[in-house]
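Single-structure report; data block below.
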Amino acid sequence: MTSADRRLAPRRKPRQVRAELTRERILTAAAHVFADYGYAAGTTNRIAERARMSIGSLYQYFPNKDAILAELLVRHIDRGAWTGVDELDMSPGSLAEAVRALVRDAIDHHRDDPQLLRIMFEEAPASSELIEAIDRHGRARVSQVREVFARHPDVRVRDLDTAAELVVGTVEMNTHKLMADPRPIQVERLEAELVAMITRYLRGDA
């Protein structure tokens, strides 16, 4: 573990339910504080106050606010599988709706708090844990999407591995970028354009 990783590592890994609940309280409080005050003014004192605990108790779990932000980002990235994939319609002519489900899943995950999302991606420090989470999530997501492409009768691309990589990267990158943009966006337009572009690519439309 590098010195930077040690600086960002949580101090206590919860082994009991009570400790896990306390850690969750800190992370929830930090998310609200960063969203309300921004990262620079989102001090550990404010986080402790929001979590209704002493600053000393907070430091038993996290050494600084960088470590808290890094943990929030790891959790955001490592959110789990594409929800609802088992209920997809795989009949001919349904590809656009399958793609829409993928795009909507990404949008829903990022739309709750655009300001916090922006802070996480602009200011969260890098760590080996964060890099591992990005890689783990990416591989799981790509594998899941590739399986859908392999099963769907409307998909005409030959290289499914590359197609899955391209589609996941396109959806994640554009969703992150646009949902975190401080300017107002029309989410429906974002969804419609991504679905149309990806569907045409997968069908091999000229």
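Each chain in the structure tokens gets a letter, A, B, ..., in the order shown, and its residues are numbered from 1; ligands are numbered from 1 in order too.
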Residues within 8 Å of Leu202 (chain A), only C-alpha atoms, excluding chain neighbours under 6 positions, as a tab-separated table (two decimals) with all heavy atoms, in the first residue's frame:
chain	number	residue	atom	x	y	z
A	154	ASP	N	-31.69	-9.26	-32.86
A	154	ASP	CA	-31.54	-8.06	-33.70
A	154	ASP	C	-30.10	-7.57	-33.78
A	154	ASP	O	-29.80	-6.70	-34.61
A	154	ASP	CB	-32.40	-6.92	-33.16
A	154	ASP	CG	-33.89	-7.22	-33.25
A	154	ASP	OD1	-34.27	-8.16	-33.98
A	154	ASP	OD2	-34.68	-6.53	-32.58
A	155	VAL	N	-29.22	-8.06	-32.93
A	155	VAL	CA	-27.83	-7.58	-32.92
A	155	VAL	C	-27.08	-8.19	-34.10
A	155	VAL	O	-27.04	-9.42	-34.25
A	155	VAL	CB	-27.14	-7.94	-31.59
A	155	VAL	CG1	-25.66	-7.58	-31.66
A	155	VAL	CG2	-27.82	-7.21	-30.44
A	156	ARG	N	-26.47	-7.32	-34.91
A	156	ARG	CA	-25.79	-7.78	-36.12
A	156	ARG	C	-24.29	-7.57	-36.08
A	156	ARG	O	-23.58	-8.00	-37.00
A	156	ARG	CB	-26.37	-7.02	-37.34
A	156	ARG	CG	-27.84	-7.31	-37.61
A	156	ARG	CD	-28.02	-8.71	-38.19
A	156	ARG	NE	-29.41	-9.00	-38.51
A	156	ARG	CZ	-30.25	-9.62	-37.71
A	156	ARG	NH1	-29.82	-10.05	-36.51
A	156	ARG	NH2	-31.50	-9.86	-38.06
A	157	VAL	N	-23.76	-6.91	-35.08
A	157	VAL	CA	-22.31	-6.70	-35.03
A	157	VAL	C	-21.61	-8.04	-34.84
A	157	VAL	O	-22.13	-8.93	-34.17
A	157	VAL	CB	-21.91	-5.73	-33.89
A	157	VAL	CG1	-22.39	-4.33	-34.18
A	157	VAL	CG2	-22.42	-6.21	-32.55
A	163	ALA	N	-18.03	-4.61	-29.15
A	163	ALA	CA	-19.31	-3.90	-29.11
A	163	ALA	C	-19.74	-3.63	-27.68
A	163	ALA	O	-20.20	-2.52	-27.34
A	163	ALA	CB	-20.37	-4.70	-29.85
Next on the checklist: Which residues are close to Val167 (chain A), i.e. within 9 Å by only C-alpha atoms, leaving aside same-chain residues fewer than 4 positions away? Reply as a PyMOL selection string.
Outcome noted: chain A and resi 142+145+162-163+171-172+198
Expected file contents, prior selection, N, CA, C and O atoms, as a CSV table (one decimal), in the first residue's frame:
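Saved result, again.csv, follows:
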chain,number,residue,atom,x,y,z
A,142,VAL,N,-19.6,-5.0,-18.7
A,142,VAL,CA,-19.3,-5.4,-20.1
A,142,VAL,C,-19.7,-6.8,-20.3
A,142,VAL,O,-20.3,-7.2,-21.3
A,145,VAL,N,-23.5,-7.0,-20.5
A,145,VAL,CA,-24.1,-6.5,-21.7
A,145,VAL,C,-23.7,-7.4,-22.9
A,145,VAL,O,-24.6,-7.6,-23.8
A,162,THR,N,-15.9,-6.3,-28.5
A,162,THR,CA,-15.6,-4.9,-28.7
A,162,THR,C,-16.9,-4.1,-28.6
A,162,THR,O,-17.0,-2.9,-28.1
A,163,ALA,N,-18.0,-4.6,-29.2
A,163,ALA,CA,-19.3,-3.9,-29.1
A,163,ALA,C,-19.7,-3.6,-27.7
A,163,ALA,O,-20.2,-2.5,-27.3
A,171,VAL,N,-22.2,4.7,-22.9
A,171,VAL,CA,-23.3,5.0,-21.9
A,171,VAL,C,-22.8,5.6,-20.6
A,171,VAL,O,-23.3,6.7,-20.2
A,172,GLU,N,-21.8,5.0,-20.0
A,172,GLU,CA,-21.2,5.5,-18.8
A,172,GLU,C,-20.6,6.9,-18.9
A,172,GLU,O,-20.9,7.8,-18.1
A,198,ILE,N,-27.0,3.9,-30.3
A,198,ILE,CA,-26.6,2.6,-30.0
A,198,ILE,C,-27.4,1.5,-30.8
A,198,ILE,O,-26.8,0.5,-31.3
Neighbouring residues of region 14-29 of chain A were defined as those with any atom within 6 Å, considering only C-alpha atoms; residues of the same chain fewer than 5 positions away were excluded. Please report them as a CSV table (one decimal) with all heavy atoms, in the first residue's frame.
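Heads up, here's the output in out-v7.csv:
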chain,number,residue,atom,x,y,z
A,47,ILE,N,-19.2,17.4,8.8
A,47,ILE,CA,-19.7,16.0,8.6
A,47,ILE,C,-20.1,15.4,10.0
A,47,ILE,O,-21.1,14.8,10.1
A,47,ILE,CB,-18.7,15.2,7.9
A,47,ILE,CG1,-18.5,15.7,6.5
A,47,ILE,CG2,-19.1,13.7,7.8
A,47,ILE,CD1,-17.3,15.1,5.7
A,50,ARG,N,-23.3,16.9,11.2
A,50,ARG,CA,-24.5,16.3,10.5
A,50,ARG,C,-24.7,14.9,11.0
A,50,ARG,O,-25.9,14.4,11.0
A,50,ARG,CB,-24.2,16.4,9.0
A,50,ARG,CG,-25.3,15.8,8.2
A,50,ARG,CD,-26.6,16.7,8.2
A,50,ARG,NE,-26.4,18.0,7.7
A,50,ARG,CZ,-26.7,18.3,6.4
A,50,ARG,NH1,-27.2,17.4,5.6
A,50,ARG,NH2,-26.5,19.5,5.9
A,51,ALA,N,-23.7,14.1,11.2
A,51,ALA,CA,-23.8,12.7,11.7
A,51,ALA,C,-24.1,12.6,13.2
A,51,ALA,O,-24.3,11.5,13.7
A,51,ALA,CB,-22.5,12.0,11.4
Checklist entry - Which is closer to Ala48 (chain A) than all the others in A:Leu178, A:Gln60, A:Arg203, A:Arg146, using only C-alpha atoms? => result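 With only C-alpha atoms as the atom set, the closest residue is A:Gln60.
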Checklist entry - Which distance in Å separates CA of Ile134 (chain A) and CA of Arg151 (chain A), to one decimal? => result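 Between these atoms lies a distance of 26.1 Å.
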Checklist entry - So, counting only C-alpha atoms, which residue among A:Ile77, A:Ala126, A:Ile107, A:Ala40 is closest to Asn174 (chain A)? => result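 When distances to Asn174 (chain A) are compared using only C-alpha atoms, the smallest one comes from A:Ile107.
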Checklist entry - Quick one: residues within 8 Å of Leu72 (chain A), only C-alpha atoms counted, chain neighbours fewer than 3 positions away excluded, as JSON, numbers by chain? => result {"A": [27, 31, 68, 69, 75, 76, 120]}
Checklist entry - Excluding same-chain residues fewer than 5 positions from Thr199 (chain A), what lies within 7 Å of it counting only C-alpha atoms, as an MDAnalysis selection string? => result chainID A and resid 95:96 99
Checklist entry - Could you state the separation of CA of Ala192 (chain A) and CA of Leu117 (chain A) in Å, given to one decimal place? => result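 Straight-line distance from CA of Ala192 (chain A) to CA of Leu117 (chain A) works out to 22.1 Å.
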Item to check | Neighbour list for Asp161 (chain A) as an MDAnalysis selection string, cut-off 12 Å, only C-alpha atoms, skip fewer than 5 positions in-chain | outcome: chainID A and resid 139 141:150 166:168
Checklist entry - Among region 26-93 of chain A, which ones does DSSP place in helix (DSSP H, G or I), written as an MDAnalysis selection string? => result chainID A and resid 26:37 44:51 55:59 65:77 85:87
Checklist entry - Looking at only C-alpha atoms, which of A:Ala35, A:Met53, A:Leu102, A:Leu130 is the one that sits closest to Ala70 (chain A)? => result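 Closest residue, counting only C-alpha atoms: A:Leu130.
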Checklist entry - Counting only C-alpha atoms, what is within 8 Å of Asp89 (chain A), bar same-chain residues fewer than 5 positions away, as a list in words? => result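 Counting only C-alpha atoms, the residues come to Ser94, Glu97 and Ala98 of chain A.
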Please produce a file of the residues just selected, as a compact mmCIF listing (two decimals), in the first residue's frame, where the atoms kept are all heavy atoms.
# COMPACT_ATOMS: atom_id res chain seq x y z
N SER A 94 -37.26 -5.90 -30.64
CA SER A 94 -37.28 -5.29 -29.31
C SER A 94 -35.93 -4.70 -28.89
O SER A 94 -35.76 -4.32 -27.72
CB SER A 94 -37.70 -6.34 -28.26
OG SER A 94 -36.72 -7.36 -28.17
N GLU A 97 -35.78 -1.23 -27.12
CA GLU A 97 -36.25 -1.21 -25.73
C GLU A 97 -35.22 -1.83 -24.79
O GLU A 97 -35.09 -1.40 -23.63
CB GLU A 97 -37.58 -1.95 -25.62
CG GLU A 97 -38.75 -1.16 -26.21
CD GLU A 97 -38.81 0.26 -25.68
OE1 GLU A 97 -38.83 0.44 -24.44
OE2 GLU A 97 -38.82 1.20 -26.50
N ALA A 98 -34.47 -2.82 -25.26
CA ALA A 98 -33.41 -3.39 -24.44
C ALA A 98 -32.31 -2.35 -24.20
O ALA A 98 -31.80 -2.20 -23.09
CB ALA A 98 -32.83 -4.63 -25.12
